[in-house]
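**Student:** One structure, pasted below without further comment.
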Amino acid sequence: GGGGLLASAAVSLVSPRSPAPPARFEHIALAVRVDDLPAWDRLLRRDLGGTASMGGAVPKIGFQGGQVDYPGGGMLELLSWIEGAEEKSAMKRYVDRHGGCAALHHLTFLVEDFDASVERARELGYEPMLGRNTRHWKEFYLREPSLRPTGFLLQVLQADKGAIASQPGWGDAWAPFAVEYADASPPARITAVEMVSADAEASARPFVGLLGAESIARGAGQELLWPGSSMRVRLVPEGESHVAVSPRAEDRSEVDAALAAGPPRARDLLRTAI
């Protein structure tokens, strides 16, 4: 995840010469208000049964975030700003552009060959926006304008997360993760993100042409899947983009109640599915 960087060029209809190797769809990121962070953490870890994973803060850019893993499948990430550093935070600006409430921010895909992915993105007509580039972490972002919400990003990442997690300020040291929930629910599964698309062909292009997804027709839209990834992307022509959460059948009514009672926009951005 990250306080990432932005923009894309007009997309070409030209495809790269060879099929893209499948990436791994790792996580779905939500940008949330800093004062709502405790409620979002409680929802994701206590009510949905997730497990704290990597988290930390980057004060110089006013950014903080943490990832929550679901043993049955999927990962969610919470992103926000640091109080007192709002003026330099891309997260604050993003949330403000979306009505001052939580919004889907990005999807992260892990690749084996970062340089080849940059080249492939350019062949598809995107201009990758390069982020951190260190020994253990190389990333770029791109924006496909047909995806909703406006400004939504795809993060392409090659990383040694074990090495990153061992650095000071990361790992399990993120402040919200200090809270333990003795009454946590059994883990749900995060099965998909449903993305509203203004142009199905354009929306599918980075997923298929860059990230190696298999595309399957599904009703009025399409479903994109990756071998070895438990989560899928669904492209639909209308509605509101959201995350599909699959609790155990016996837990569904409790999860629905937790979403309804949760932080602002929780039941719009997270919806239970069979």
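Chain labels A, B, ... are given in the sequence in which chains occur in the structure tokens; within each chain residues are numbered consecutively from 1, and ligands are likewise numbered from 1 in the order shown.
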Quick check for you: according to DSSP on this backbone, which residues of range 74-245 of chain A are classed as strand (DSSP E)? Reply as a ChimeraX atom specification.
**Tutor:** /A:75-81,103-110,129-133,137-142,147-148,153-159,189-197,214-218,221-225,232-236,242-245
**Student:** Would you mind exporting C-alpha atoms of the selected residues as a compact mmCIF listing (two decimals), in the first residue's frame?
**Tutor:**
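result-v4.txt, freshly written:
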```
# COMPACT_ATOMS: atom_id res chain seq x y z
CA MET A 75 -6.23 -9.03 2.79
CA LEU A 76 -7.49 -5.51 3.47
CA GLU A 77 -5.38 -2.43 4.13
CA LEU A 78 -6.34 0.72 6.04
CA LEU A 79 -4.65 3.97 4.97
CA SER A 80 -4.88 7.35 6.65
CA TRP A 81 -2.93 10.45 7.58
CA ALA A 103 -13.22 5.34 -0.07
CA LEU A 104 -11.59 2.51 -1.98
CA HIS A 105 -8.04 3.66 -2.74
CA HIS A 106 -6.07 0.97 -4.58
CA LEU A 107 -5.54 -2.70 -5.39
CA THR A 108 -2.07 -4.21 -4.97
CA PHE A 109 -0.57 -6.88 -7.23
CA LEU A 110 2.74 -8.64 -6.59
CA MET A 129 4.14 6.64 -11.71
CA LEU A 130 7.18 5.32 -9.87
CA GLY A 131 7.12 5.18 -6.07
CA ARG A 132 9.67 3.72 -3.68
CA ASN A 133 12.58 1.92 -5.31
CA TRP A 137 10.67 -2.68 -2.37
CA LYS A 138 9.97 -1.52 -5.93
CA GLU A 139 6.58 -0.11 -6.86
CA PHE A 140 4.68 1.87 -9.40
CA TYR A 141 1.12 3.10 -9.62
CA LEU A 142 -1.16 3.63 -12.54
CA LEU A 147 -12.60 2.64 -13.06
CA ARG A 148 -14.65 4.11 -10.24
CA LEU A 153 -5.16 3.35 -8.34
CA LEU A 154 -3.50 0.06 -9.17
CA GLN A 155 -0.24 -0.62 -7.33
CA VAL A 156 2.27 -2.98 -8.94
CA LEU A 157 4.85 -4.18 -6.44
CA GLN A 158 7.91 -6.37 -6.17
CA ALA A 159 8.81 -6.66 -2.50
CA ARG A 189 -13.11 -14.41 3.74
CA ILE A 190 -12.46 -11.45 1.45
CA THR A 191 -13.46 -12.91 -1.90
CA ALA A 192 -13.60 -10.06 -4.42
CA VAL A 193 -13.69 -6.39 -5.15
CA GLU A 194 -16.53 -5.27 -7.41
CA MET A 195 -15.42 -2.30 -9.50
CA VAL A 196 -17.79 -0.08 -11.43
CA SER A 197 -16.46 0.52 -14.93
CA GLU A 214 -8.00 -14.60 -16.87
CA SER A 215 -11.25 -12.90 -17.89
CA ILE A 216 -14.62 -14.66 -17.65
CA ALA A 217 -17.98 -13.20 -18.68
CA ARG A 218 -20.27 -12.78 -15.68
CA GLY A 221 -19.84 -7.64 -16.53
CA GLN A 222 -16.73 -9.77 -16.28
CA GLU A 223 -14.72 -11.53 -13.61
CA LEU A 224 -10.94 -11.40 -13.50
CA LEU A 225 -8.98 -14.13 -11.73
CA ARG A 232 -11.04 -11.72 -7.74
CA VAL A 233 -11.93 -8.47 -9.47
CA ARG A 234 -15.43 -8.09 -10.88
CA LEU A 235 -16.13 -5.36 -13.40
CA VAL A 236 -19.73 -4.19 -13.50
CA HIS A 242 -17.17 -2.33 -2.99
CA VAL A 243 -15.47 -5.29 -1.32
CA ALA A 244 -17.26 -8.65 -1.15
CA VAL A 245 -17.00 -10.23 2.32
```
**Student:** Got a sec: who's within 12 Å of Ala198 in chain A, counting only C-alpha atoms, leaving out chain neighbours fewer than 5 positions off, as an mmCIF file with all heavy atoms, in the first residue's frame?
**Tutor:**
```cif
data_model
loop_
_atom_site.group_PDB
_atom_site.id
_atom_site.type_symbol
_atom_site.label_atom_id
_atom_site.label_comp_id
_atom_site.auth_asym_id
_atom_site.auth_seq_id
_atom_site.Cartn_x
_atom_site.Cartn_y
_atom_site.Cartn_z
ATOM 1 N N GLU A 144 -6.334 3.802 -14.179
ATOM 2 C CA GLU A 144 -7.173 3.525 -15.340
ATOM 3 C C GLU A 144 -8.434 4.390 -15.191
ATOM 4 O O GLU A 144 -9.256 4.141 -14.311
ATOM 5 C CB GLU A 144 -7.520 2.038 -15.408
ATOM 6 C CG GLU A 144 -8.620 1.661 -16.390
ATOM 7 C CD GLU A 144 -8.479 2.357 -17.729
ATOM 8 O OE1 GLU A 144 -7.436 2.187 -18.387
ATOM 9 O OE2 GLU A 144 -9.394 3.092 -18.114
ATOM 10 N N PRO A 145 -8.574 5.435 -16.027
ATOM 11 C CA PRO A 145 -9.639 6.427 -15.799
ATOM 12 C C PRO A 145 -11.062 5.875 -15.846
ATOM 13 O O PRO A 145 -11.977 6.515 -15.329
ATOM 14 C CB PRO A 145 -9.414 7.452 -16.925
ATOM 15 C CG PRO A 145 -7.992 7.274 -17.322
ATOM 16 C CD PRO A 145 -7.683 5.821 -17.144
ATOM 17 N N SER A 146 -11.257 4.699 -16.458
ATOM 18 C CA SER A 146 -12.618 4.162 -16.564
ATOM 19 C C SER A 146 -13.102 3.516 -15.273
ATOM 20 O O SER A 146 -14.300 3.225 -15.133
ATOM 21 C CB SER A 146 -12.691 3.143 -17.706
ATOM 22 O OG SER A 146 -11.851 2.026 -17.434
ATOM 23 N N LEU A 147 -12.200 3.271 -14.317
ATOM 24 C CA LEU A 147 -12.597 2.638 -13.058
ATOM 25 C C LEU A 147 -13.131 3.677 -12.082
ATOM 26 O O LEU A 147 -12.681 4.816 -12.052
ATOM 27 C CB LEU A 147 -11.406 1.904 -12.434
ATOM 28 C CG LEU A 147 -10.916 0.646 -13.148
ATOM 29 C CD1 LEU A 147 -9.611 0.161 -12.533
ATOM 30 C CD2 LEU A 147 -11.972 -0.459 -13.096
ATOM 31 N N ARG A 148 -14.090 3.261 -11.285
ATOM 32 C CA ARG A 148 -14.650 4.106 -10.240
ATOM 33 C C ARG A 148 -14.351 3.483 -8.879
ATOM 34 O O ARG A 148 -14.353 2.267 -8.760
ATOM 35 C CB ARG A 148 -16.170 4.258 -10.425
ATOM 36 C CG ARG A 148 -16.563 4.865 -11.778
ATOM 37 C CD ARG A 148 -16.118 6.326 -11.865
ATOM 38 N NE ARG A 148 -16.475 6.936 -13.137
ATOM 39 C CZ ARG A 148 -15.682 6.994 -14.210
ATOM 40 N NH1 ARG A 148 -14.464 6.484 -14.147
ATOM 41 N NH2 ARG A 148 -16.078 7.564 -15.327
ATOM 42 N N PRO A 149 -14.059 4.291 -7.844
ATOM 43 C CA PRO A 149 -14.214 5.738 -7.767
ATOM 44 C C PRO A 149 -13.118 6.499 -8.520
ATOM 45 O O PRO A 149 -12.045 5.942 -8.802
ATOM 46 C CB PRO A 149 -14.123 6.016 -6.262
ATOM 47 C CG PRO A 149 -13.241 4.929 -5.737
ATOM 48 C CD PRO A 149 -13.589 3.713 -6.553
ATOM 49 N N THR A 150 -13.411 7.747 -8.835
ATOM 50 C CA THR A 150 -12.465 8.598 -9.522
ATOM 51 C C THR A 150 -11.153 8.686 -8.733
ATOM 52 O O THR A 150 -11.165 8.870 -7.524
ATOM 53 C CB THR A 150 -13.053 10.012 -9.690
ATOM 54 O OG1 THR A 150 -14.282 9.905 -10.399
ATOM 55 C CG2 THR A 150 -12.100 10.911 -10.451
ATOM 56 N N SER A 203 -11.196 -0.926 -18.838
ATOM 57 C CA SER A 203 -10.975 -1.329 -17.448
ATOM 58 C C SER A 203 -10.256 -2.665 -17.344
ATOM 59 O O SER A 203 -9.450 -2.883 -16.438
ATOM 60 C CB SER A 203 -12.305 -1.403 -16.702
ATOM 61 O OG SER A 203 -12.885 -0.133 -16.553
ATOM 62 N N ALA A 204 -10.554 -3.581 -18.258
ATOM 63 C CA ALA A 204 -9.935 -4.907 -18.197
ATOM 64 C C ALA A 204 -8.484 -4.884 -18.647
ATOM 65 O O ALA A 204 -7.696 -5.766 -18.280
ATOM 66 C CB ALA A 204 -10.726 -5.886 -19.062
ATOM 67 N N GLY A 221 -21.219 -8.062 -16.720
ATOM 68 C CA GLY A 221 -19.839 -7.641 -16.530
ATOM 69 C C GLY A 221 -18.866 -8.763 -16.800
ATOM 70 O O GLY A 221 -19.131 -9.671 -17.586
ATOM 71 N N LEU A 235 -15.812 -6.613 -12.740
ATOM 72 C CA LEU A 235 -16.125 -5.356 -13.400
ATOM 73 C C LEU A 235 -17.605 -5.338 -13.731
ATOM 74 O O LEU A 235 -18.121 -6.269 -14.364
ATOM 75 C CB LEU A 235 -15.297 -5.202 -14.682
ATOM 76 C CG LEU A 235 -13.779 -5.201 -14.513
ATOM 77 C CD1 LEU A 235 -13.101 -5.120 -15.873
ATOM 78 C CD2 LEU A 235 -13.329 -4.051 -13.609
ATOM 79 N N VAL A 236 -18.288 -4.299 -13.290
ATOM 80 C CA VAL A 236 -19.733 -4.190 -13.503
ATOM 81 C C VAL A 236 -20.039 -2.801 -14.065
ATOM 82 O O VAL A 236 -19.297 -1.844 -13.827
ATOM 83 C CB VAL A 236 -20.522 -4.422 -12.194
ATOM 84 C CG1 VAL A 236 -20.301 -5.849 -11.682
ATOM 85 C CG2 VAL A 236 -20.116 -3.418 -11.122
ATOM 86 N N PRO A 237 -21.145 -2.668 -14.815
ATOM 87 C CA PRO A 237 -21.415 -1.382 -15.477
ATOM 88 C C PRO A 237 -22.053 -0.332 -14.588
ATOM 89 O O PRO A 237 -22.069 0.848 -14.955
ATOM 90 C CB PRO A 237 -22.357 -1.780 -16.615
ATOM 91 C CG PRO A 237 -23.047 -3.014 -16.121
ATOM 92 C CD PRO A 237 -22.041 -3.739 -15.280
ATOM 93 N N GLU A 238 -22.592 -0.723 -13.440
ATOM 94 C CA GLU A 238 -23.275 0.262 -12.601
ATOM 95 C C GLU A 238 -23.264 -0.191 -11.149
ATOM 96 O O GLU A 238 -22.900 -1.315 -10.831
ATOM 97 C CB GLU A 238 -24.720 0.475 -13.081
ATOM 98 C CG GLU A 238 -25.544 -0.798 -13.116
ATOM 99 C CD GLU A 238 -26.912 -0.600 -13.749
ATOM 100 O OE1 GLU A 238 -27.143 0.485 -14.313
ATOM 101 O OE2 GLU A 238 -27.737 -1.517 -13.675
ATOM 102 N N GLY A 239 -23.705 0.714 -10.268
ATOM 103 C CA GLY A 239 -23.713 0.438 -8.835
ATOM 104 C C GLY A 239 -22.641 1.253 -8.133
ATOM 105 O O GLY A 239 -22.312 2.355 -8.559
ATOM 106 N N GLU A 240 -22.085 0.687 -7.077
ATOM 107 C CA GLU A 240 -21.005 1.337 -6.342
ATOM 108 C C GLU A 240 -19.903 0.327 -6.081
ATOM 109 O O GLU A 240 -20.167 -0.808 -5.673
ATOM 110 C CB GLU A 240 -21.501 1.899 -5.005
ATOM 111 C CG GLU A 240 -20.414 2.630 -4.229
ATOM 112 C CD GLU A 240 -20.945 3.367 -3.011
ATOM 113 O OE1 GLU A 240 -22.092 3.116 -2.611
ATOM 114 O OE2 GLU A 240 -20.195 4.197 -2.459
ATOM 115 N N SER A 241 -18.684 0.718 -6.338
ATOM 116 C CA SER A 241 -17.558 -0.188 -6.121
ATOM 117 C C SER A 241 -17.477 -0.568 -4.646
ATOM 118 O O SER A 241 -17.620 0.280 -3.766
ATOM 119 C CB SER A 241 -16.254 0.474 -6.572
ATOM 120 O OG SER A 241 -16.287 0.746 -7.964
#
```
**Student:** Please identify which residues in range 154-270 of chain A DSSP calls alpha helix (DSSP H) from the backbone, and express them as a ChimeraX atom specification.
**Tutor:** /A:161-165,200-205,252-261,266-269
**Student:** Counting only C-alpha atoms, which of A:Pro19, A:Gly219, A:Gly151, A:Pro176 gets nearest to Gln64 in chain A?
**Tutor:**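 Closest to Gln64 in chain A of all the choices is A:Pro176.
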**Student:** When you look at Arg93 in chain A with a cut-off of 12 Å (counting only C-alpha atoms), what residues show up, excluding the ones that are within fewer than 2 positions of it in the same chain? I need them as an MDAnalysis selection string.
**Tutor:** chainID A and resid 3:4 31:33 62:63 80:81 85:91 95:103 105 151
**Student:** Counting only C-alpha atoms, which residue out of A:Ser18, A:Thr272, A:Thr134, A:Ser229 sits closest to Asp251 in chain A?
**Tutor:**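 Once distances to Asp251 in chain A are computed over only C-alpha atoms, the minimum belongs to A:Thr272.
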